[in-house]
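To be precise, the following lines are final.cif, and they hold mmCIF, C-alpha atoms.
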data_target
#
loop_
_atom_site.label_atom_id
_atom_site.label_comp_id
_atom_site.auth_asym_id
_atom_site.auth_seq_id
_atom_site.Cartn_x
_atom_site.Cartn_y
_atom_site.Cartn_z
CA MET J 136 -3.08 -35.93 20.16
CA PRO J 137 -3.85 -34.65 16.65
CA ARG J 138 -0.62 -34.63 14.70
CA ILE J 139 0.72 -34.16 11.19
CA THR J 140 3.97 -35.82 10.28
CA SER J 141 5.90 -35.54 7.04
CA CYS J 142 7.06 -39.05 6.26
CA PRO J 143 10.54 -40.06 5.07
CA THR J 144 11.13 -39.60 1.37
CA ARG J 145 10.05 -42.62 -0.62
CA PRO J 146 11.99 -43.99 -3.63
CA LYS J 147 11.45 -42.12 -6.88
CA GLU J 148 8.92 -43.73 -9.20
CA ALA J 149 9.39 -44.23 -12.90
CA LYS J 150 6.13 -42.41 -13.53
CA LYS J 151 4.50 -40.21 -10.92
CA THR J 152 0.73 -40.61 -11.16
CA TYR J 153 -0.63 -39.07 -7.97
CA LYS J 154 -0.26 -35.85 -6.11
CA MET J 155 -0.48 -37.04 -2.52
CA ARG J 156 -1.32 -40.16 -0.53
CA ILE J 157 -2.61 -39.48 2.98
CA LEU J 158 -3.13 -42.05 5.73
CA GLN J 159 -5.05 -41.16 8.87
CA LEU J 160 -5.18 -43.34 11.96
CA ASN J 161 -5.68 -43.38 15.73
CA LEU J 162 -2.73 -45.20 17.32
CA ASN J 163 -4.30 -45.54 20.81
CA HIS J 164 -1.03 -44.53 22.49
CA CYS J 165 0.29 -48.04 21.67
CA GLU J 166 3.75 -48.98 20.46
CA ALA J 167 2.73 -51.86 18.15
CA PRO J 168 0.40 -49.82 15.88
CA GLN J 169 3.01 -47.08 15.58
CA ASP J 170 5.71 -49.60 14.63
CA LEU J 171 3.39 -51.12 12.02
CA LEU J 172 2.53 -47.65 10.76
CA TRP J 173 6.03 -46.95 9.50
CA GLN J 174 6.14 -50.32 7.74
CA THR J 175 2.83 -49.45 6.10
CA VAL J 176 4.20 -46.03 5.09
CA ARG J 177 6.99 -47.77 3.20
CA ASP J 178 4.88 -50.57 1.75
CA ILE J 179 2.08 -48.46 0.25
CA ARG J 180 4.14 -45.28 -0.21
CA ILE J 181 2.34 -42.85 2.06
CA ASP J 182 3.24 -39.16 1.75
CA VAL J 183 1.45 -37.71 4.79
CA GLY J 184 0.25 -39.30 8.02
CA ILE J 185 -2.62 -37.64 9.88
CA LEU J 186 -2.35 -39.29 13.27
CA ARG J 187 -4.02 -39.20 16.65
CA GLU J 188 -2.95 -40.47 20.06
CA GLN J 189 0.53 -41.52 18.91
CA TYR J 190 2.76 -43.62 21.15
CA LYS J 191 5.61 -41.11 20.93
CA ASN J 192 7.05 -38.44 18.66
CA LEU J 193 9.75 -39.72 16.35
CA GLU J 194 13.06 -38.20 15.33
CA ASN J 195 14.14 -37.56 11.74
CA VAL J 196 10.59 -36.90 10.53
CA ALA J 197 8.61 -33.64 10.54
CA TRP J 198 6.03 -33.62 13.35
CA ILE J 199 3.42 -30.95 14.02
CA SER J 200 1.46 -31.45 17.21
CA ASP J 201 -1.28 -29.63 19.08
CA ILE J 202 -0.72 -28.54 22.66
CA THR J 203 -2.26 -31.72 24.07
CA GLY J 204 -0.05 -34.05 21.98
CA ARG J 205 -3.17 -35.64 20.49
CA ALA J 206 -3.40 -34.46 16.80
CA CYS J 207 -0.31 -35.37 14.08
CA GLY J 208 1.27 -35.85 9.12
CA ARG J 209 5.21 -36.92 4.89
CA GLN J 210 6.56 -34.31 2.46
CA ALA J 211 8.21 -30.94 2.92
CA ILE J 212 6.11 -28.70 5.16
CA THR J 213 6.21 -25.12 3.86
CA GLU J 214 3.90 -23.56 6.46
CA ALA J 215 2.32 -24.82 9.68
CA THR J 216 0.27 -23.98 12.75
CA GLN J 217 1.80 -21.11 14.67
CA ASP J 218 -0.42 -21.21 17.75
CA SER J 219 -1.33 -24.85 18.33
CA THR J 220 -4.97 -24.96 19.40
CA CYS J 221 -6.10 -27.88 21.51
CA GLY J 222 -7.64 -30.50 19.27
CA PHE J 223 -6.33 -29.65 15.80
CA VAL J 224 -3.25 -28.65 13.83
CA TRP J 225 -2.63 -27.75 10.19
CA ALA J 226 0.27 -27.77 7.76
CA MET J 227 0.71 -26.60 4.18
CA ILE J 228 2.21 -29.34 2.02
CA ARG J 229 2.43 -29.14 -1.78
CA HIS J 230 0.06 -26.13 -1.81
CA LEU J 231 -2.60 -28.03 0.17
CA TYR J 232 -3.70 -27.05 3.66
CA LEU J 233 -4.02 -30.26 5.69
CA TYR J 234 -5.89 -30.27 9.01
CA SER J 235 -5.62 -33.04 11.59
CA CYS J 236 -8.47 -32.95 14.13
CA TYR J 237 -9.42 -34.90 17.22
CA ALA J 238 -12.68 -34.32 19.13
CA LEU J 239 -12.71 -36.06 22.49
CA PRO J 240 -15.77 -38.31 22.85
CA ASN J 241 -16.67 -37.12 26.35
CA THR J 242 -16.88 -33.36 25.77
CA THR J 243 -20.17 -31.50 26.22
CA THR J 244 -22.26 -30.34 23.30
CA GLU J 245 -21.20 -26.76 23.98
CA GLU J 246 -17.51 -27.71 24.03
CA PHE J 247 -17.88 -29.64 20.78
CA GLN J 248 -19.65 -26.66 19.19
CA GLY J 249 -16.78 -24.39 20.24
CA PHE J 250 -14.20 -26.85 18.90
CA ILE J 251 -15.87 -27.06 15.47
CA ASP J 252 -16.36 -23.29 15.34
CA ARG J 253 -12.62 -22.79 15.95
CA ILE J 254 -11.77 -25.12 13.07
CA VAL J 255 -14.15 -23.25 10.73
CA GLN J 256 -12.74 -19.88 11.78
CA ASP J 257 -9.13 -21.05 11.42
CA ALA J 258 -9.70 -22.68 8.00
CA ARG J 259 -11.49 -19.66 6.55
CA GLY J 260 -9.42 -18.35 3.66
CA ARG J 261 -7.13 -21.38 3.45
CA ARG J 262 -7.70 -23.15 0.12
CA PRO J 263 -7.55 -25.81 -1.11
CA VAL J 264 -8.03 -27.61 2.17
CA VAL J 265 -8.30 -31.15 3.54
CA ILE J 266 -9.88 -31.43 7.00
CA ALA J 267 -9.50 -34.96 8.37
CA GLY J 268 -9.85 -36.46 11.79
CA GLU J 269 -11.76 -38.32 14.43
CA PHE J 270 -14.85 -36.27 15.24
CA ASN J 271 -16.80 -38.79 17.34
CA ALA J 272 -20.00 -37.62 15.67
CA TRP J 273 -22.71 -39.68 14.01
CA ALA J 274 -24.68 -38.81 10.86
CA THR J 275 -26.38 -40.81 8.13
CA GLU J 276 -24.47 -38.70 5.58
CA TRP J 277 -21.31 -40.70 6.32
CA GLY J 278 -22.83 -44.11 7.00
CA SER J 279 -24.12 -43.94 10.59
CA GLN J 280 -27.50 -45.48 11.34
CA SER J 281 -28.74 -42.18 12.78
CA THR J 282 -27.66 -38.56 13.27
CA ASN J 283 -26.90 -37.25 16.75
CA ARG J 284 -26.51 -33.65 17.91
CA ARG J 285 -22.75 -33.65 17.35
CA GLY J 286 -23.35 -34.83 13.79
CA GLU J 287 -25.79 -31.97 13.25
CA ILE J 288 -23.31 -29.45 14.63
CA LEU J 289 -20.59 -30.72 12.32
CA LEU J 290 -22.86 -30.69 9.27
CA GLU J 291 -24.21 -27.22 10.00
CA ALA J 292 -20.80 -25.69 10.64
CA PHE J 293 -19.07 -27.22 7.62
CA ALA J 294 -22.05 -26.34 5.38
CA LYS J 295 -21.18 -22.69 6.05
CA MET J 296 -17.84 -23.30 4.34
CA GLU J 297 -19.45 -23.20 0.91
CA ASP J 298 -16.87 -25.22 -0.99
CA LEU J 299 -16.19 -27.88 1.68
CA VAL J 300 -17.57 -31.34 0.86
CA LEU J 301 -17.47 -34.81 2.37
CA ALA J 302 -14.97 -37.14 0.68
CA ASN J 303 -15.98 -40.33 2.56
CA THR J 304 -17.90 -42.85 0.50
CA GLY J 305 -19.64 -46.04 1.58
CA SER J 306 -20.45 -47.09 5.13
CA ASN J 307 -17.48 -49.25 6.13
CA PRO J 308 -16.82 -48.76 9.87
CA THR J 309 -13.70 -46.89 10.93
CA LEU J 310 -13.88 -48.07 14.55
CA MET J 311 -14.55 -51.61 15.78
CA ARG J 312 -14.56 -52.12 19.53
CA GLY J 313 -16.26 -54.64 21.83
CA GLY J 314 -18.34 -56.15 19.03
CA ARG J 315 -19.66 -52.74 17.98
CA SER J 316 -18.68 -50.58 15.03
CA SER J 317 -19.12 -46.98 13.93
CA VAL J 318 -17.96 -44.39 11.41
CA ILE J 319 -16.23 -41.56 13.31
CA ASP J 320 -13.12 -40.86 11.20
CA LEU J 321 -14.00 -38.38 8.47
CA THR J 322 -12.36 -36.50 5.60
CA PHE J 323 -13.65 -33.23 4.13
CA VAL J 324 -12.03 -31.54 1.12
CA SER J 325 -12.43 -28.40 -0.95
CA ALA J 326 -14.90 -29.04 -3.77
CA ILE J 327 -12.22 -28.39 -6.38
CA LEU J 328 -10.32 -31.44 -5.08
CA LEU J 329 -13.24 -33.88 -5.00
CA PRO J 330 -13.16 -35.06 -8.66
CA THR J 331 -9.54 -36.15 -8.21
CA THR J 332 -9.83 -37.45 -4.63
CA ASN J 333 -10.42 -41.02 -3.51
CA CYS J 334 -11.05 -41.65 0.19
CA GLN J 335 -11.61 -45.16 1.54
CA VAL J 336 -11.28 -47.35 4.59
CA SER J 337 -8.14 -49.44 4.17
CA ASP J 338 -8.01 -53.15 4.96
CA VAL J 339 -4.31 -52.97 5.90
CA TYR J 340 -3.65 -54.53 9.32
CA ILE J 341 -2.48 -51.90 11.76
CA HIS J 342 -3.04 -53.53 15.20
CA SER J 343 -5.57 -50.89 16.29
CA ASP J 344 -9.32 -50.88 16.88
CA HIS J 345 -9.44 -48.03 14.36
CA GLN J 346 -9.16 -48.74 10.66
CA ALA J 347 -6.67 -46.74 8.62
CA ILE J 348 -8.24 -44.25 6.19
CA LEU J 349 -6.41 -43.85 2.87
CA THR J 350 -7.00 -40.69 0.84
CA THR J 351 -5.37 -40.25 -2.56
CA ILE J 352 -5.42 -36.87 -4.27
CA TRP J 353 -4.46 -37.19 -7.92
CA ASN J 354 -2.38 -34.68 -9.88
CA ARG J 355 -4.32 -35.20 -13.10
CA GLU J 356 -7.96 -35.00 -14.10
CA PRO J 357 -9.73 -38.39 -14.20
CA ARG J 358 -11.09 -39.47 -17.55
CA VAL J 359 -14.45 -40.36 -16.07
CA ILE J 360 -16.15 -38.62 -13.15
CA ARG J 361 -18.88 -40.87 -11.79
CA HIS J 362 -22.15 -39.30 -10.75
CA GLU J 363 -21.99 -40.80 -7.25
CA ARG J 364 -18.80 -38.85 -6.57
CA CYS J 365 -20.71 -35.55 -6.70
CA ALA J 366 -20.34 -33.24 -3.75
CA VAL J 367 -22.43 -34.03 -0.68
CA ARG J 368 -24.49 -30.97 0.28
CA TRP J 369 -26.82 -30.49 3.19
CA LYS J 370 -30.09 -28.60 3.77
CA THR J 371 -29.57 -27.46 7.32
CA ARG J 372 -33.14 -26.24 7.72
CA LYS J 373 -34.28 -29.87 7.64
CA PHE J 374 -32.08 -30.96 10.53
CA GLY J 375 -34.06 -32.20 13.53
CA ARG J 376 -33.99 -29.97 16.59
CA ASP J 377 -35.46 -32.39 19.09
CA ARG J 378 -32.63 -34.93 19.14
CA SER J 379 -30.87 -35.85 22.33
CA LYS J 380 -27.44 -34.44 23.06
CA SER J 381 -25.84 -37.83 22.85
#
Would you mind writing the file out in structure tokens?
Amino acid sequence: MPRITSCPTRPKEAKKTYKMRILQLNLNHCEAPQDLLWQTVRDIRIDVGILREQYKNLENVAWISDITGRACGRQAITEATQDSTCGFVWAMIRHLYLYSCYALPNTTTEEFQGFIDRIVQDARGRRPVVIAGEFNAWATEWGSQSTNRRGEILLEAFAKMEDLVLANTGSNPTLMRGGRSSVIDLTFVSAILLPTTNCQVSDVYIHSDHQAILTTIWNREPRVIRHERCAVRWKTRKFGRDRSKS
């Protein structure tokens, strides 16, 4: 289930240096990863958790869930999804629109296309935005060895949102299962956020075959903006049309 939960308030810091710390993770409906999650929230001071397939909803924290119970995020939520659409939810926290998305791996190409189109339609006009989740799509743009049809659909659709860019850097796998690995957990942000956003695969142990993704959005301009952090753009006319629908 995609879900956004507002985490318990962390201790005040002597000097606040970041705007928001976001952790996204698939909990595989297991109790152990969810128990470890809340320890991690305290240890590395997470503000918002973007979760999928949680073991159970918790009391005394703000949860926003889709109608399937598969999508979930810490801080005061000022606005949130009114009509929970299967597969994604959103919440407004500190003037940011945060989306938690989960695309089932066994849906058809047409179903995946419809799912992505609904996200694009829903996010239109909401800025600045962070769209994060498990898309089960492959593309070389985010470290996959090849691009499949679902990857093309995602790239084409999000390219239409002119200021939406990929925040993922590197090719560290986000899923490791049965001796195989892949990058299927992604984070897209409004272009205005990219210079002050850092998104990386965390090495924190979470007892899940998914790796936790840690995104930090700073509340101050960085002194140096490296060239490799420039926005990732796509030329959709060059996408292959003869790929399989895998």
### Query
Could you name the residues that touch stretch 275-278 of chain J at 10 Å or less, counting all atoms listed in the file, but leaving out those on the same chain fewer than 2 positions away, as a VMD selection string?
chain J and resid 272 to 273 280 to 283 286 290 301 to 308 317 to 322 367 to 369
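Relative to atom CA of J:Arg156, atom CA of J:Glu297 is found at 24.9 Å.
Take the candidates J:Leu171, J:Ile254, J:Leu328, J:Leu349 and check each one against J:Val183 using only C-alpha atoms; the shortest distance goes to J:Leu349.
Nearest residue to J:Leu172 among J:Ala267, J:Ile352, J:Ile341, J:Leu289 is J:Ile341, counting all atoms listed in the file.
Going from atom CA of J:Thr331 to atom CA of J:Arg259 covers 22.2 Å.
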#### Entry: Among listed residues J:Glu287, J:His230, J:Asp344, J:Val265, nearest J:Thr332 (using only C-alpha atoms)
J:Val265
### Task
Please identify all polymer residues lying at most 9 Å from the point (-6.3, -30.6, 4.3) (file coordinates), using only C-alpha atoms, and present the result as a ChimeraX atom specification.
/J:225-228,231-235,262-267,322-325
### Task
To one decimal in Å, tell me the separation between atom CA of J:Gly222 and atom CA of J:Tyr237.
5.2 Å
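Restricting the calculation to all atoms listed in the file, the smallest distance between J:Leu299 and any of J:Val255, J:Ile157, J:Gln335, J:Asn241 is found for J:Val255.
Residues matched by the PyMOL selection byres ((chain J and resi 245-250) around 10) in this structure: J:Thr220, J:Cys221, J:Gly222, J:Phe223, J:Cys236, J:Tyr237, J:Ala238, J:Leu239, J:Pro240, J:Asn241, J:Thr242, J:Thr243, J:Thr244, J:Ile251, J:Asp252, J:Arg253, J:Ile254, J:Val255, J:Phe270, J:Asn271, J:Ala272, J:Arg284, J:Arg285, J:Ile288, J:Leu289, J:Ala292, J:Lys380.
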Could you save the residues just selected, with C-alpha atoms, as a PDB file, in the coordinates of the input?
ATOM      1  CA  THR J 220      -4.970 -24.960  19.400  1.00  0.00           C
ATOM      2  CA  CYS J 221      -6.100 -27.880  21.510  1.00  0.00           C
ATOM      3  CA  GLY J 222      -7.640 -30.500  19.270  1.00  0.00           C
ATOM      4  CA  PHE J 223      -6.330 -29.650  15.800  1.00  0.00           C
ATOM      5  CA  CYS J 236      -8.470 -32.950  14.130  1.00  0.00           C
ATOM      6  CA  TYR J 237      -9.420 -34.900  17.220  1.00  0.00           C
ATOM      7  CA  ALA J 238     -12.680 -34.320  19.130  1.00  0.00           C
ATOM      8  CA  LEU J 239     -12.710 -36.060  22.490  1.00  0.00           C
ATOM      9  CA  PRO J 240     -15.770 -38.310  22.850  1.00  0.00           C
ATOM     10  CA  ASN J 241     -16.670 -37.120  26.350  1.00  0.00           C
ATOM     11  CA  THR J 242     -16.880 -33.360  25.770  1.00  0.00           C
ATOM     12  CA  THR J 243     -20.170 -31.500  26.220  1.00  0.00           C
ATOM     13  CA  THR J 244     -22.260 -30.340  23.300  1.00  0.00           C
ATOM     14  CA  ILE J 251     -15.870 -27.060  15.470  1.00  0.00           C
ATOM     15  CA  ASP J 252     -16.360 -23.290  15.340  1.00  0.00           C
ATOM     16  CA  ARG J 253     -12.620 -22.790  15.950  1.00  0.00           C
ATOM     17  CA  ILE J 254     -11.770 -25.120  13.070  1.00  0.00           C
ATOM     18  CA  VAL J 255     -14.150 -23.250  10.730  1.00  0.00           C
ATOM     19  CA  PHE J 270     -14.850 -36.270  15.240  1.00  0.00           C
ATOM     20  CA  ASN J 271     -16.800 -38.790  17.340  1.00  0.00           C
ATOM     21  CA  ALA J 272     -20.000 -37.620  15.670  1.00  0.00           C
ATOM     22  CA  ARG J 284     -26.510 -33.650  17.910  1.00  0.00           C
ATOM     23  CA  ARG J 285     -22.750 -33.650  17.350  1.00  0.00           C
ATOM     24  CA  ILE J 288     -23.310 -29.450  14.630  1.00  0.00           C
ATOM     25  CA  LEU J 289     -20.590 -30.720  12.320  1.00  0.00           C
ATOM     26  CA  ALA J 292     -20.800 -25.690  10.640  1.00  0.00           C
ATOM     27  CA  LYS J 380     -27.440 -34.440  23.060  1.00  0.00           C
TER      28      LYS J 380
END
### Query
So which residues get picked by the PyMOL selection byres ((chain J and resi 190) around 9) here, written as a PyMOL selection string?
chain J and resi 162-169+188-189+191-192
### Query
Exactly which residues make up the result of the PyMOL selection byres ((chain J and resi 333) around 6) on this file, given as an NGL selection string?
:J and (332 or 334 or 350-351)
